[in-house]
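Below is entry30.pdb, which holds PDB, C-alpha atoms.
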ATOM      1  CA  MET A   1     123.885 -63.423 129.820  1.00  0.00           C
ATOM      2  CA  SER A   2     125.963 -61.403 132.292  1.00  0.00           C
ATOM      3  CA  ALA A   3     128.487 -58.907 130.979  1.00  0.00           C
ATOM      4  CA  ASN A   4     130.941 -60.399 133.487  1.00  0.00           C
ATOM      5  CA  SER A   5     131.258 -63.513 131.339  1.00  0.00           C
ATOM      6  CA  ILE A   6     131.485 -61.808 127.959  1.00  0.00           C
ATOM      7  CA  LYS A   7     134.773 -61.599 126.046  1.00  0.00           C
ATOM      8  CA  VAL A   8     134.937 -58.819 123.464  1.00  0.00           C
ATOM      9  CA  LEU A   9     137.632 -58.910 120.776  1.00  0.00           C
ATOM     10  CA  VAL A  10     138.640 -55.415 119.614  1.00  0.00           C
ATOM     11  CA  ILE A  11     140.475 -55.394 116.251  1.00  0.00           C
ATOM     12  CA  ASP A  12     141.720 -51.846 115.623  1.00  0.00           C
ATOM     13  CA  ASP A  13     145.136 -50.459 114.691  1.00  0.00           C
ATOM     14  CA  GLU A  14     144.656 -47.124 116.521  1.00  0.00           C
ATOM     15  CA  PRO A  15     146.008 -47.282 120.118  1.00  0.00           C
ATOM     16  CA  PRO A  16     143.770 -44.387 121.328  1.00  0.00           C
ATOM     17  CA  ILE A  17     140.643 -46.218 120.068  1.00  0.00           C
ATOM     18  CA  ARG A  18     141.734 -49.477 121.712  1.00  0.00           C
ATOM     19  CA  LYS A  19     142.424 -47.610 124.962  1.00  0.00           C
ATOM     20  CA  LEU A  20     139.016 -45.901 124.821  1.00  0.00           C
ATOM     21  CA  LEU A  21     137.273 -49.224 124.241  1.00  0.00           C
ATOM     22  CA  ARG A  22     139.344 -51.047 126.869  1.00  0.00           C
ATOM     23  CA  MET A  23     138.523 -48.445 129.523  1.00  0.00           C
ATOM     24  CA  GLY A  24     134.891 -47.962 128.540  1.00  0.00           C
ATOM     25  CA  LEU A  25     133.992 -51.641 128.187  1.00  0.00           C
ATOM     26  CA  SER A  26     136.012 -52.851 131.174  1.00  0.00           C
ATOM     27  CA  THR A  27     134.014 -50.586 133.482  1.00  0.00           C
ATOM     28  CA  GLN A  28     130.890 -52.420 132.252  1.00  0.00           C
ATOM     29  CA  GLY A  29     132.384 -55.792 133.207  1.00  0.00           C
ATOM     30  CA  TYR A  30     133.421 -56.945 129.728  1.00  0.00           C
ATOM     31  CA  GLU A  31     136.678 -58.844 129.275  1.00  0.00           C
ATOM     32  CA  ILE A  32     138.684 -57.217 126.466  1.00  0.00           C
ATOM     33  CA  LEU A  33     140.963 -58.950 123.964  1.00  0.00           C
ATOM     34  CA  GLU A  34     143.000 -56.522 121.830  1.00  0.00           C
ATOM     35  CA  ALA A  35     144.377 -56.964 118.314  1.00  0.00           C
ATOM     36  CA  PRO A  36     146.293 -54.166 116.538  1.00  0.00           C
ATOM     37  CA  ASN A  37     146.002 -55.939 113.168  1.00  0.00           C
ATOM     38  CA  GLY A  38     144.071 -58.586 111.290  1.00  0.00           C
ATOM     39  CA  LYS A  39     146.542 -61.426 111.814  1.00  0.00           C
ATOM     40  CA  THR A  40     146.446 -61.062 115.594  1.00  0.00           C
ATOM     41  CA  GLY A  41     142.672 -60.779 115.415  1.00  0.00           C
ATOM     42  CA  LEU A  42     142.429 -64.105 113.587  1.00  0.00           C
ATOM     43  CA  ASP A  43     144.754 -65.725 116.152  1.00  0.00           C
ATOM     44  CA  LEU A  44     142.573 -64.436 119.013  1.00  0.00           C
ATOM     45  CA  LEU A  45     139.470 -66.141 117.576  1.00  0.00           C
ATOM     46  CA  ALA A  46     140.818 -69.200 119.427  1.00  0.00           C
ATOM     47  CA  GLU A  47     139.825 -67.393 122.659  1.00  0.00           C
ATOM     48  CA  GLU A  48     136.185 -67.690 121.513  1.00  0.00           C
ATOM     49  CA  PRO A  49     135.068 -64.066 121.956  1.00  0.00           C
ATOM     50  CA  ALA A  50     131.334 -63.523 122.357  1.00  0.00           C
ATOM     51  CA  LEU A  51     131.440 -60.361 120.219  1.00  0.00           C
ATOM     52  CA  ILE A  52     133.924 -58.662 117.859  1.00  0.00           C
ATOM     53  CA  ILE A  53     134.444 -54.945 117.294  1.00  0.00           C
ATOM     54  CA  LEU A  54     136.170 -54.629 113.915  1.00  0.00           C
ATOM     55  CA  ASP A  55     137.818 -51.567 112.377  1.00  0.00           C
ATOM     56  CA  LEU A  56     137.692 -51.754 108.568  1.00  0.00           C
ATOM     57  CA  GLY A  57     140.917 -49.752 108.085  1.00  0.00           C
ATOM     58  CA  LEU A  58     143.599 -52.205 109.158  1.00  0.00           C
ATOM     59  CA  PRO A  59     147.267 -52.109 108.043  1.00  0.00           C
ATOM     60  CA  ASP A  60     147.762 -55.758 107.073  1.00  0.00           C
ATOM     61  CA  ILE A  61     144.418 -57.211 105.916  1.00  0.00           C
ATOM     62  CA  GLN A  62     141.695 -55.239 104.152  1.00  0.00           C
ATOM     63  CA  GLY A  63     138.729 -55.006 106.529  1.00  0.00           C
ATOM     64  CA  HIS A  64     136.196 -56.682 104.267  1.00  0.00           C
ATOM     65  CA  ASP A  65     138.611 -59.532 103.522  1.00  0.00           C
ATOM     66  CA  LEU A  66     139.138 -60.037 107.251  1.00  0.00           C
ATOM     67  CA  LEU A  67     135.371 -60.061 107.760  1.00  0.00           C
ATOM     68  CA  ARG A  68     135.099 -62.852 105.170  1.00  0.00           C
ATOM     69  CA  MET A  69     137.846 -64.808 106.967  1.00  0.00           C
ATOM     70  CA  ILE A  70     136.165 -64.421 110.354  1.00  0.00           C
ATOM     71  CA  ARG A  71     132.815 -65.530 108.942  1.00  0.00           C
ATOM     72  CA  GLY A  72     134.561 -68.510 107.329  1.00  0.00           C
ATOM     73  CA  ARG A  73     135.700 -69.644 110.775  1.00  0.00           C
ATOM     74  CA  ASN A  74     132.715 -68.512 112.843  1.00  0.00           C
ATOM     75  CA  ASP A  75     129.405 -67.778 111.154  1.00  0.00           C
ATOM     76  CA  SER A  76     127.521 -66.665 114.265  1.00  0.00           C
ATOM     77  CA  VAL A  77     129.705 -64.440 116.466  1.00  0.00           C
ATOM     78  CA  PRO A  78     128.217 -60.913 116.468  1.00  0.00           C
ATOM     79  CA  ILE A  79     130.426 -58.368 114.675  1.00  0.00           C
ATOM     80  CA  VAL A  80     130.077 -54.599 115.120  1.00  0.00           C
ATOM     81  CA  VAL A  81     132.050 -52.731 112.446  1.00  0.00           C
ATOM     82  CA  LEU A  82     133.774 -49.388 112.979  1.00  0.00           C
ATOM     83  CA  SER A  83     133.971 -47.309 109.803  1.00  0.00           C
ATOM     84  CA  SER A  84     135.109 -43.872 108.755  1.00  0.00           C
ATOM     85  CA  ARG A  85     132.619 -41.077 108.363  1.00  0.00           C
ATOM     86  CA  GLY A  86     130.902 -41.088 104.963  1.00  0.00           C
ATOM     87  CA  ASP A  87     132.006 -44.612 104.023  1.00  0.00           C
ATOM     88  CA  GLU A  88     128.454 -45.657 103.107  1.00  0.00           C
ATOM     89  CA  ALA A  89     129.471 -48.199 100.449  1.00  0.00           C
ATOM     90  CA  GLY A  90     131.895 -49.794 102.902  1.00  0.00           C
ATOM     91  CA  LYS A  91     129.165 -50.112 105.538  1.00  0.00           C
ATOM     92  CA  VAL A  92     126.779 -51.740 103.071  1.00  0.00           C
ATOM     93  CA  GLN A  93     129.439 -54.203 101.904  1.00  0.00           C
ATOM     94  CA  ALA A  94     130.328 -55.104 105.505  1.00  0.00           C
ATOM     95  CA  LEU A  95     126.693 -55.745 106.385  1.00  0.00           C
ATOM     96  CA  ASP A  96     126.214 -57.849 103.250  1.00  0.00           C
ATOM     97  CA  LEU A  97     129.283 -59.891 104.270  1.00  0.00           C
ATOM     98  CA  GLY A  98     127.747 -60.727 107.626  1.00  0.00           C
ATOM     99  CA  ALA A  99     128.457 -57.857 110.033  1.00  0.00           C
ATOM    100  CA  ASP A 100     125.631 -57.319 112.518  1.00  0.00           C
ATOM    101  CA  ASP A 101     125.911 -53.571 112.932  1.00  0.00           C
ATOM    102  CA  TYR A 102     128.194 -50.599 112.357  1.00  0.00           C
ATOM    103  CA  LEU A 103     129.277 -47.407 114.066  1.00  0.00           C
ATOM    104  CA  THR A 104     130.849 -44.382 112.427  1.00  0.00           C
ATOM    105  CA  LYS A 105     133.949 -42.848 114.024  1.00  0.00           C
ATOM    106  CA  PRO A 106     133.854 -40.839 116.211  1.00  0.00           C
ATOM    107  CA  PHE A 107     131.202 -42.654 118.238  1.00  0.00           C
ATOM    108  CA  GLY A 108     129.711 -42.433 121.736  1.00  0.00           C
ATOM    109  CA  MET A 109     130.295 -45.205 124.267  1.00  0.00           C
ATOM    110  CA  ASP A 110     126.615 -45.343 125.226  1.00  0.00           C
ATOM    111  CA  GLU A 111     125.637 -45.930 121.604  1.00  0.00           C
ATOM    112  CA  LEU A 112     128.294 -48.635 121.217  1.00  0.00           C
ATOM    113  CA  LEU A 113     127.073 -50.419 124.352  1.00  0.00           C
ATOM    114  CA  ALA A 114     123.484 -50.305 123.076  1.00  0.00           C
ATOM    115  CA  ARG A 115     124.526 -51.747 119.683  1.00  0.00           C
ATOM    116  CA  MET A 116     126.518 -54.484 121.433  1.00  0.00           C
ATOM    117  CA  ARG A 117     123.547 -55.440 123.626  1.00  0.00           C
ATOM    118  CA  ALA A 118     121.268 -55.570 120.566  1.00  0.00           C
ATOM    119  CA  ALA A 119     123.736 -57.762 118.647  1.00  0.00           C
ATOM    120  CA  LEU A 120     124.104 -60.155 121.595  1.00  0.00           C
ATOM    121  CA  ARG A 121     120.298 -60.333 122.043  1.00  0.00           C
ATOM    122  CA  HIS A 122     119.934 -61.091 118.338  1.00  0.00           C
ATOM    123  CA  GLN A 123     122.391 -63.967 118.619  1.00  0.00           C
ATOM    124  CA  LEU A 124     120.529 -65.433 121.605  1.00  0.00           C
ATOM    125  CA  GLN A 125     117.265 -65.108 119.702  1.00  0.00           C
ATOM    126  CA  VAL A 126     118.696 -66.934 116.666  1.00  0.00           C
ATOM    127  CA  HIS A 127     119.972 -69.851 118.756  1.00  0.00           C
ATOM    128  CA  GLY A 128     116.815 -70.204 120.829  1.00  0.00           C
ATOM    129  CA  GLU A 129     114.301 -68.702 118.455  1.00  0.00           C
ATOM    130  CA  ARG A 130     111.254 -67.718 120.438  1.00  0.00           C
ATOM    131  CA  PRO A 131     107.844 -68.504 118.965  1.00  0.00           C
ATOM    132  CA  VAL A 132     106.503 -65.078 119.977  1.00  0.00           C
ATOM    133  CA  PHE A 133     108.611 -61.980 119.325  1.00  0.00           C
ATOM    134  CA  ARG A 134     107.872 -58.816 121.311  1.00  0.00           C
ATOM    135  CA  THR A 135     109.209 -55.292 121.158  1.00  0.00           C
ATOM    136  CA  GLY A 136     107.178 -52.521 122.749  1.00  0.00           C
ATOM    137  CA  ASP A 137     103.487 -52.995 121.855  1.00  0.00           C
ATOM    138  CA  LEU A 138     104.341 -55.106 118.786  1.00  0.00           C
ATOM    139  CA  SER A 139     104.088 -58.896 119.017  1.00  0.00           C
ATOM    140  CA  VAL A 140     104.607 -61.435 116.232  1.00  0.00           C
ATOM    141  CA  ASP A 141     103.588 -65.067 116.748  1.00  0.00           C
ATOM    142  CA  LEU A 142     105.837 -66.875 114.278  1.00  0.00           C
ATOM    143  CA  VAL A 143     103.988 -70.170 114.702  1.00  0.00           C
ATOM    144  CA  ARG A 144     100.415 -68.940 114.264  1.00  0.00           C
ATOM    145  CA  ARG A 145     101.419 -66.018 111.996  1.00  0.00           C
ATOM    146  CA  ILE A 146      99.514 -63.546 114.161  1.00  0.00           C
ATOM    147  CA  VAL A 147     100.686 -59.932 114.392  1.00  0.00           C
ATOM    148  CA  LYS A 148      99.368 -57.631 117.110  1.00  0.00           C
ATOM    149  CA  VAL A 149      99.900 -54.074 118.252  1.00  0.00           C
ATOM    150  CA  GLY A 150      98.660 -54.043 121.827  1.00  0.00           C
ATOM    151  CA  GLU A 151      95.506 -56.153 121.779  1.00  0.00           C
ATOM    152  CA  ARG A 152      94.666 -55.241 118.167  1.00  0.00           C
ATOM    153  CA  GLU A 153      95.338 -57.933 115.583  1.00  0.00           C
ATOM    154  CA  ILE A 154      96.923 -56.594 112.382  1.00  0.00           C
ATOM    155  CA  LYS A 155      96.016 -58.085 109.002  1.00  0.00           C
ATOM    156  CA  LEU A 156      99.034 -58.234 106.708  1.00  0.00           C
ATOM    157  CA  SER A 157      99.333 -59.351 103.101  1.00  0.00           C
ATOM    158  CA  PRO A 158     101.561 -62.420 102.540  1.00  0.00           C
ATOM    159  CA  LYS A 159     104.442 -60.254 101.300  1.00  0.00           C
ATOM    160  CA  GLU A 160     104.088 -57.771 104.163  1.00  0.00           C
ATOM    161  CA  TYR A 161     104.190 -60.677 106.622  1.00  0.00           C
ATOM    162  CA  ASP A 162     107.246 -62.181 104.901  1.00  0.00           C
ATOM    163  CA  LEU A 163     109.026 -58.824 105.176  1.00  0.00           C
ATOM    164  CA  LEU A 164     108.180 -58.548 108.870  1.00  0.00           C
ATOM    165  CA  ARG A 165     109.185 -62.178 109.512  1.00  0.00           C
ATOM    166  CA  VAL A 166     112.652 -61.654 107.997  1.00  0.00           C
ATOM    167  CA  MET A 167     113.087 -58.503 110.080  1.00  0.00           C
ATOM    168  CA  VAL A 168     111.941 -60.329 113.239  1.00  0.00           C
ATOM    169  CA  GLN A 169     114.480 -63.090 112.604  1.00  0.00           C
ATOM    170  CA  HIS A 170     117.199 -60.412 112.523  1.00  0.00           C
ATOM    171  CA  ALA A 171     115.712 -57.922 115.005  1.00  0.00           C
ATOM    172  CA  GLY A 172     118.211 -55.317 116.149  1.00  0.00           C
ATOM    173  CA  LYS A 173     120.431 -55.983 113.120  1.00  0.00           C
ATOM    174  CA  VAL A 174     120.791 -53.664 110.135  1.00  0.00           C
ATOM    175  CA  LEU A 175     119.476 -55.363 106.989  1.00  0.00           C
ATOM    176  CA  THR A 176     120.641 -53.905 103.681  1.00  0.00           C
ATOM    177  CA  HIS A 177     118.315 -53.261 100.760  1.00  0.00           C
ATOM    178  CA  ARG A 178     120.156 -55.951  98.810  1.00  0.00           C
ATOM    179  CA  LEU A 179     119.757 -58.583 101.532  1.00  0.00           C
ATOM    180  CA  LEU A 180     116.032 -57.914 101.900  1.00  0.00           C
ATOM    181  CA  LEU A 181     115.478 -57.952  98.145  1.00  0.00           C
ATOM    182  CA  LYS A 182     117.390 -61.238  97.880  1.00  0.00           C
ATOM    183  CA  GLU A 183     115.296 -62.791 100.687  1.00  0.00           C
ATOM    184  CA  LEU A 184     111.930 -61.594  99.415  1.00  0.00           C
ATOM    185  CA  TRP A 185     112.171 -61.226  95.644  1.00  0.00           C
ATOM    186  CA  ASP A 186     115.366 -61.260  93.653  1.00  0.00           C
ATOM    187  CA  GLU A 187     118.341 -59.053  94.399  1.00  0.00           C
ATOM    188  CA  MET A 188     118.060 -57.582  90.900  1.00  0.00           C
ATOM    189  CA  THR A 189     114.552 -56.304  91.713  1.00  0.00           C
ATOM    190  CA  ASP A 190     114.229 -52.526  91.971  1.00  0.00           C
ATOM    191  CA  ALA A 191     114.580 -51.359  95.593  1.00  0.00           C
ATOM    192  CA  GLN A 192     111.447 -49.278  95.064  1.00  0.00           C
ATOM    193  CA  TYR A 193     109.383 -52.464  95.553  1.00  0.00           C
ATOM    194  CA  LEU A 194     110.918 -52.818  99.001  1.00  0.00           C
ATOM    195  CA  ARG A 195     110.200 -49.190  99.906  1.00  0.00           C
ATOM    196  CA  VAL A 196     106.553 -49.655  98.940  1.00  0.00           C
ATOM    197  CA  TYR A 197     106.136 -52.678 101.220  1.00  0.00           C
ATOM    198  CA  VAL A 198     108.015 -51.018 104.092  1.00  0.00           C
ATOM    199  CA  ARG A 199     105.683 -48.034 103.768  1.00  0.00           C
ATOM    200  CA  GLN A 200     102.614 -50.312 103.733  1.00  0.00           C
ATOM    201  CA  LEU A 201     103.884 -52.253 106.754  1.00  0.00           C
ATOM    202  CA  ARG A 202     104.494 -49.050 108.687  1.00  0.00           C
ATOM    203  CA  GLN A 203     100.983 -47.832 107.879  1.00  0.00           C
ATOM    204  CA  LYS A 204      99.643 -50.923 109.645  1.00  0.00           C
ATOM    205  CA  ILE A 205     101.928 -51.357 112.673  1.00  0.00           C
ATOM    206  CA  GLU A 206     103.206 -47.860 113.509  1.00  0.00           C
ATOM    207  CA  ALA A 207     101.226 -45.329 115.554  1.00  0.00           C
ATOM    208  CA  ASP A 208     102.813 -42.611 113.395  1.00  0.00           C
ATOM    209  CA  PRO A 209     104.251 -44.038 110.134  1.00  0.00           C
ATOM    210  CA  GLU A 210     106.190 -40.799 109.551  1.00  0.00           C
ATOM    211  CA  ARG A 211     108.008 -41.280 112.891  1.00  0.00           C
ATOM    212  CA  PRO A 212     108.367 -45.063 113.078  1.00  0.00           C
ATOM    213  CA  GLN A 213     109.199 -46.754 116.364  1.00  0.00           C
ATOM    214  CA  PHE A 214     109.547 -50.331 115.081  1.00  0.00           C
ATOM    215  CA  VAL A 215     110.779 -50.402 111.462  1.00  0.00           C
ATOM    216  CA  LEU A 216     113.678 -47.961 111.479  1.00  0.00           C
ATOM    217  CA  THR A 217     115.443 -46.559 108.405  1.00  0.00           C
ATOM    218  CA  GLU A 218     119.240 -46.699 108.111  1.00  0.00           C
ATOM    219  CA  THR A 219     119.631 -43.951 105.509  1.00  0.00           C
ATOM    220  CA  GLY A 220     121.218 -45.141 102.281  1.00  0.00           C
ATOM    221  CA  ILE A 221     121.762 -48.630 103.697  1.00  0.00           C
ATOM    222  CA  GLY A 222     118.553 -50.437 104.635  1.00  0.00           C
ATOM    223  CA  TYR A 223     116.292 -51.050 107.624  1.00  0.00           C
ATOM    224  CA  ARG A 224     116.436 -52.270 111.208  1.00  0.00           C
ATOM    225  CA  LEU A 225     113.624 -53.729 113.303  1.00  0.00           C
ATOM    226  CA  ARG A 226     113.755 -52.551 116.890  1.00  0.00           C
ATOM    227  CA  ALA A 227     115.463 -55.146 119.098  1.00  0.00           C
ATOM    228  CA  PRO A 228     113.285 -57.381 121.302  1.00  0.00           C
ATOM    229  CA  ASP A 229     112.505 -56.242 124.843  1.00  0.00           C
TER     230      ASP A 229
END
Would you put the structure from the file into structure tokens?
Amino acid sequence: MSANSIKVLVIDDEPPIRKLLRMGLSTQGYEILEAPNGKTGLDLLAEEPALIILDLGLPDIQGHDLLRMIRGRNDSVPIVVLSSRGDEAGKVQALDLGADDYLTKPFGMDELLARMRAALRHQLQVHGERPVFRTGDLSVDLVRRIVKVGEREIKLSPKEYDLLRVMVQHAGKVLTHRLLLKELWDEMTDAQYLRVYVRQLRQKIEADPERPQFVLTETGIGYRLRAPD
């Protein structure tokens, strides 16, 4: 997908932020739609943006409520949330409600562009799910259930494979502890179970489990599998 054809809807009540995003993204060929509040943002969904950048601190509609409304109308458009520094609970709630990623203000344009590319790749992967996922030396054959690092086949337990499969299906997207627990056990299960399996998985697929390249930690929030190449 070429950036030239991509509409990005920016929903943010701060004119300097909108100007920064308009200038930074326009130079990359993105077409920018701007909304200073939630109501305008909902109206602009009719323009069918390919990606939404959503500030949680809006004047008219609470950010998480607006996220629910957007997901009620469009369950697949990638959403990158902008949040205030230290708003960890808000980030977790946004991700649980269906946001694909988040950035903390102030943020760098290069990081935003990278998160946008990852979210758009994830959407393409979901709609045309490839039988073999690759990122770096890691490959996962979802049909034959074969995991390799380079040419070396990795033997995983059923639960380790299930964890990796869920992460592959959402590669590049932040997955909260709660979401992973809900998918793999029961959301009331202690998160320590998840940490144990993440540690075991890293021991098997990472060259250095203490400095992981594939299964990345989002501190206090959850995990992210590196986006596909």
Determine the residue set returned by the PyMOL selection byres ((chain A and resi 177) around 9) for the present structure, and present it as JSON, numbers by chain. {"A": [92, 175, 176, 178, 179, 180, 181, 182, 187, 191, 194, 220, 221, 222, 223]}
Where does the PyMOL selection byres ((chain A and resi 53) around 10) land in this file, that is, which residues does it pick, as a ChimeraX atom specification? /A:8-12,21,34,51-52,54-56,78-82,99,101-103,112,116
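Distance annotation: of A:Ile32, A:Val77, A:Leu45, A:Ala89, the residue with the minimal separation from Thr219 of chain A is A:Ala89; atom set is all atoms listed in the file.
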Name the residues in contact with Arg144 of chain A at a cut-off of 10 Å, using only C-alpha atoms, excluding same-chain residues fewer than 4 positions from it; report them as a list of chain:residue names. A:Pro131, A:Val132, A:Val140
Distance atom CA of Pro15 of chain A-atom CA of Arg121 of chain A, one decimal place?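 According to the coordinates, atom CA of Pro15 of chain A and atom CA of Arg121 of chain A are separated by 28.9 Å.
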Tell me which protein, DNA and RNA residues are within 12 Å of Gly108 of chain A, counting all atoms listed in the file, leaving out same-chain ones fewer than 6 positions away, and put them as a VMD selection string. chain A and resid 17 20 to 21 24 82 114 to 115
List as an MDAnalysis selection string the residues having at least one atom at most 10 Å from position (111.4, -61.1, 112.5) as given in the file, counting all atoms listed in the file. chainID A and resid 132:134 140:142 161:172 225:228
Work out how far apart atom CA of Glu14 of chain A and atom CA of Asn37 of chain A are and give it in Å to one decimal. 9.5 Å
For Leu97 of chain A, please output as a list in words all residues within 9 Å (counting all atoms listed in the file; exclusion window: fewer than 2 positions along the same chain).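 My reading of the contact set: His64, Leu67, Arg68, Arg71, Val92, Gln93, Ala94, Leu95 and Ala99 of chain A.
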Minimum-distance residue to Leu33 of chain A, chosen among A:Pro49, A:Gly72, A:Gly57, A:Gly90 (using all atoms listed in the file):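 The answer is A:Pro49, which sits nearest to Leu33 of chain A.
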Two-atom distance - atom CA of Glu183 of chain A, atom CA of Lys148 of chain A (Å):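 Computing the Euclidean distance for atom CA of Glu183 of chain A and atom CA of Lys148 of chain A yields 23.5 Å.
Residues matched by the PyMOL selection byres ((chain A and resi 152) around 12) in this structure: Asp137, Leu138, Ser139, Val140, Ile146, Val147, Lys148, Val149, Gly150, Glu151, Glu153, Ile154, Lys155, Lys204 and Ile205 of chain A.
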Hey, which of A:Pro36, A:Gly98, A:Pro158, A:Pro209 ends up closest to Arg18 of chain A? Count all atoms listed in the file. A:Pro36
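Minimum atom-to-atom distance to Gln28 of chain A, evaluated using all atoms listed in the file, belongs to A:Leu113 out of A:Glu88, A:Asp65, A:Asp208, A:Leu113.
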Where atoms are absent from segment 59-66 of chain A, fill them in so it carries all heavy atoms, then output it as a PDB file, in the coordinates of the input.
ATOM      1  N   PRO A  59     146.049 -52.249 108.847  1.00  0.00           N
ATOM      2  CA  PRO A  59     147.267 -52.109 108.043  1.00  0.00           C
ATOM      3  C   PRO A  59     147.648 -53.350 107.247  1.00  0.00           C
ATOM      4  O   PRO A  59     148.308 -53.234 106.210  1.00  0.00           O
ATOM      5  CB  PRO A  59     148.345 -51.804 109.097  1.00  0.00           C
ATOM      6  CG  PRO A  59     147.827 -52.436 110.356  1.00  0.00           C
ATOM      7  CD  PRO A  59     146.336 -52.278 110.293  1.00  0.00           C
ATOM      8  N   ASP A  60     147.249 -54.542 107.709  1.00  0.00           N
ATOM      9  CA  ASP A  60     147.762 -55.758 107.073  1.00  0.00           C
ATOM     10  C   ASP A  60     146.734 -56.500 106.224  1.00  0.00           C
ATOM     11  O   ASP A  60     147.065 -57.078 105.202  1.00  0.00           O
ATOM     12  CB  ASP A  60     148.341 -56.717 108.122  1.00  0.00           C
ATOM     13  CG  ASP A  60     147.334 -57.130 109.176  1.00  0.00           C
ATOM     14  OD1 ASP A  60     146.333 -56.401 109.387  1.00  0.00           O
ATOM     15  OD2 ASP A  60     147.539 -58.180 109.813  1.00  0.00           O
ATOM     16  N   ILE A  61     145.476 -56.503 106.647  1.00  0.00           N
ATOM     17  CA  ILE A  61     144.418 -57.211 105.916  1.00  0.00           C
ATOM     18  C   ILE A  61     143.271 -56.240 105.687  1.00  0.00           C
ATOM     19  O   ILE A  61     142.803 -55.598 106.637  1.00  0.00           O
ATOM     20  CB  ILE A  61     143.906 -58.450 106.692  1.00  0.00           C
ATOM     21  CG1 ILE A  61     145.057 -59.414 107.008  1.00  0.00           C
ATOM     22  CG2 ILE A  61     142.826 -59.180 105.888  1.00  0.00           C
ATOM     23  CD1 ILE A  61     144.644 -60.594 107.886  1.00  0.00           C
ATOM     24  N   GLN A  62     142.820 -56.121 104.450  1.00  0.00           N
ATOM     25  CA  GLN A  62     141.695 -55.239 104.152  1.00  0.00           C
ATOM     26  C   GLN A  62     140.480 -55.684 104.986  1.00  0.00           C
ATOM     27  O   GLN A  62     140.201 -56.880 105.128  1.00  0.00           O
ATOM     28  CB  GLN A  62     141.395 -55.313 102.649  1.00  0.00           C
ATOM     29  CG  GLN A  62     140.693 -54.094 102.088  1.00  0.00           C
ATOM     30  CD  GLN A  62     139.187 -54.172 102.238  1.00  0.00           C
ATOM     31  OE1 GLN A  62     138.624 -55.240 102.415  1.00  0.00           O
ATOM     32  NE2 GLN A  62     138.545 -53.020 102.164  1.00  0.00           N
ATOM     33  N   GLY A  63     139.781 -54.701 105.570  1.00  0.00           N
ATOM     34  CA  GLY A  63     138.729 -55.006 106.529  1.00  0.00           C
ATOM     35  C   GLY A  63     137.673 -55.974 106.040  1.00  0.00           C
ATOM     36  O   GLY A  63     137.265 -56.890 106.757  1.00  0.00           O
ATOM     37  N   HIS A  64     137.238 -55.800 104.793  1.00  0.00           N
ATOM     38  CA  HIS A  64     136.196 -56.682 104.267  1.00  0.00           C
ATOM     39  C   HIS A  64     136.740 -58.098 104.042  1.00  0.00           C
ATOM     40  O   HIS A  64     136.009 -59.082 104.221  1.00  0.00           O
ATOM     41  CB  HIS A  64     135.621 -56.104 102.974  1.00  0.00           C
ATOM     42  CG  HIS A  64     134.871 -54.819 103.185  1.00  0.00           C
ATOM     43  ND1 HIS A  64     135.414 -53.588 102.877  1.00  0.00           N
ATOM     44  CD2 HIS A  64     133.640 -54.580 103.691  1.00  0.00           C
ATOM     45  CE1 HIS A  64     134.538 -52.648 103.181  1.00  0.00           C
ATOM     46  NE2 HIS A  64     133.455 -53.213 103.681  1.00  0.00           N
ATOM     47  N   ASP A  65     138.000 -58.202 103.666  1.00  0.00           N
ATOM     48  CA  ASP A  65     138.611 -59.532 103.522  1.00  0.00           C
ATOM     49  C   ASP A  65     138.691 -60.229 104.877  1.00  0.00           C
ATOM     50  O   ASP A  65     138.428 -61.433 104.993  1.00  0.00           O
ATOM     51  CB  ASP A  65     140.017 -59.422 102.913  1.00  0.00           C
ATOM     52  CG  ASP A  65     139.982 -58.971 101.454  1.00  0.00           C
ATOM     53  OD1 ASP A  65     138.943 -59.176 100.802  1.00  0.00           O
ATOM     54  OD2 ASP A  65     140.987 -58.414 100.985  1.00  0.00           O
ATOM     55  N   LEU A  66     139.058 -59.462 105.913  1.00  0.00           N
ATOM     56  CA  LEU A  66     139.138 -60.037 107.251  1.00  0.00           C
ATOM     57  C   LEU A  66     137.752 -60.479 107.722  1.00  0.00           C
ATOM     58  O   LEU A  66     137.607 -61.539 108.350  1.00  0.00           O
ATOM     59  CB  LEU A  66     139.728 -59.013 108.226  1.00  0.00           C
ATOM     60  CG  LEU A  66     139.888 -59.490 109.665  1.00  0.00           C
ATOM     61  CD1 LEU A  66     140.778 -60.723 109.741  1.00  0.00           C
ATOM     62  CD2 LEU A  66     140.446 -58.370 110.545  1.00  0.00           C
TER      63      LEU A  66
END
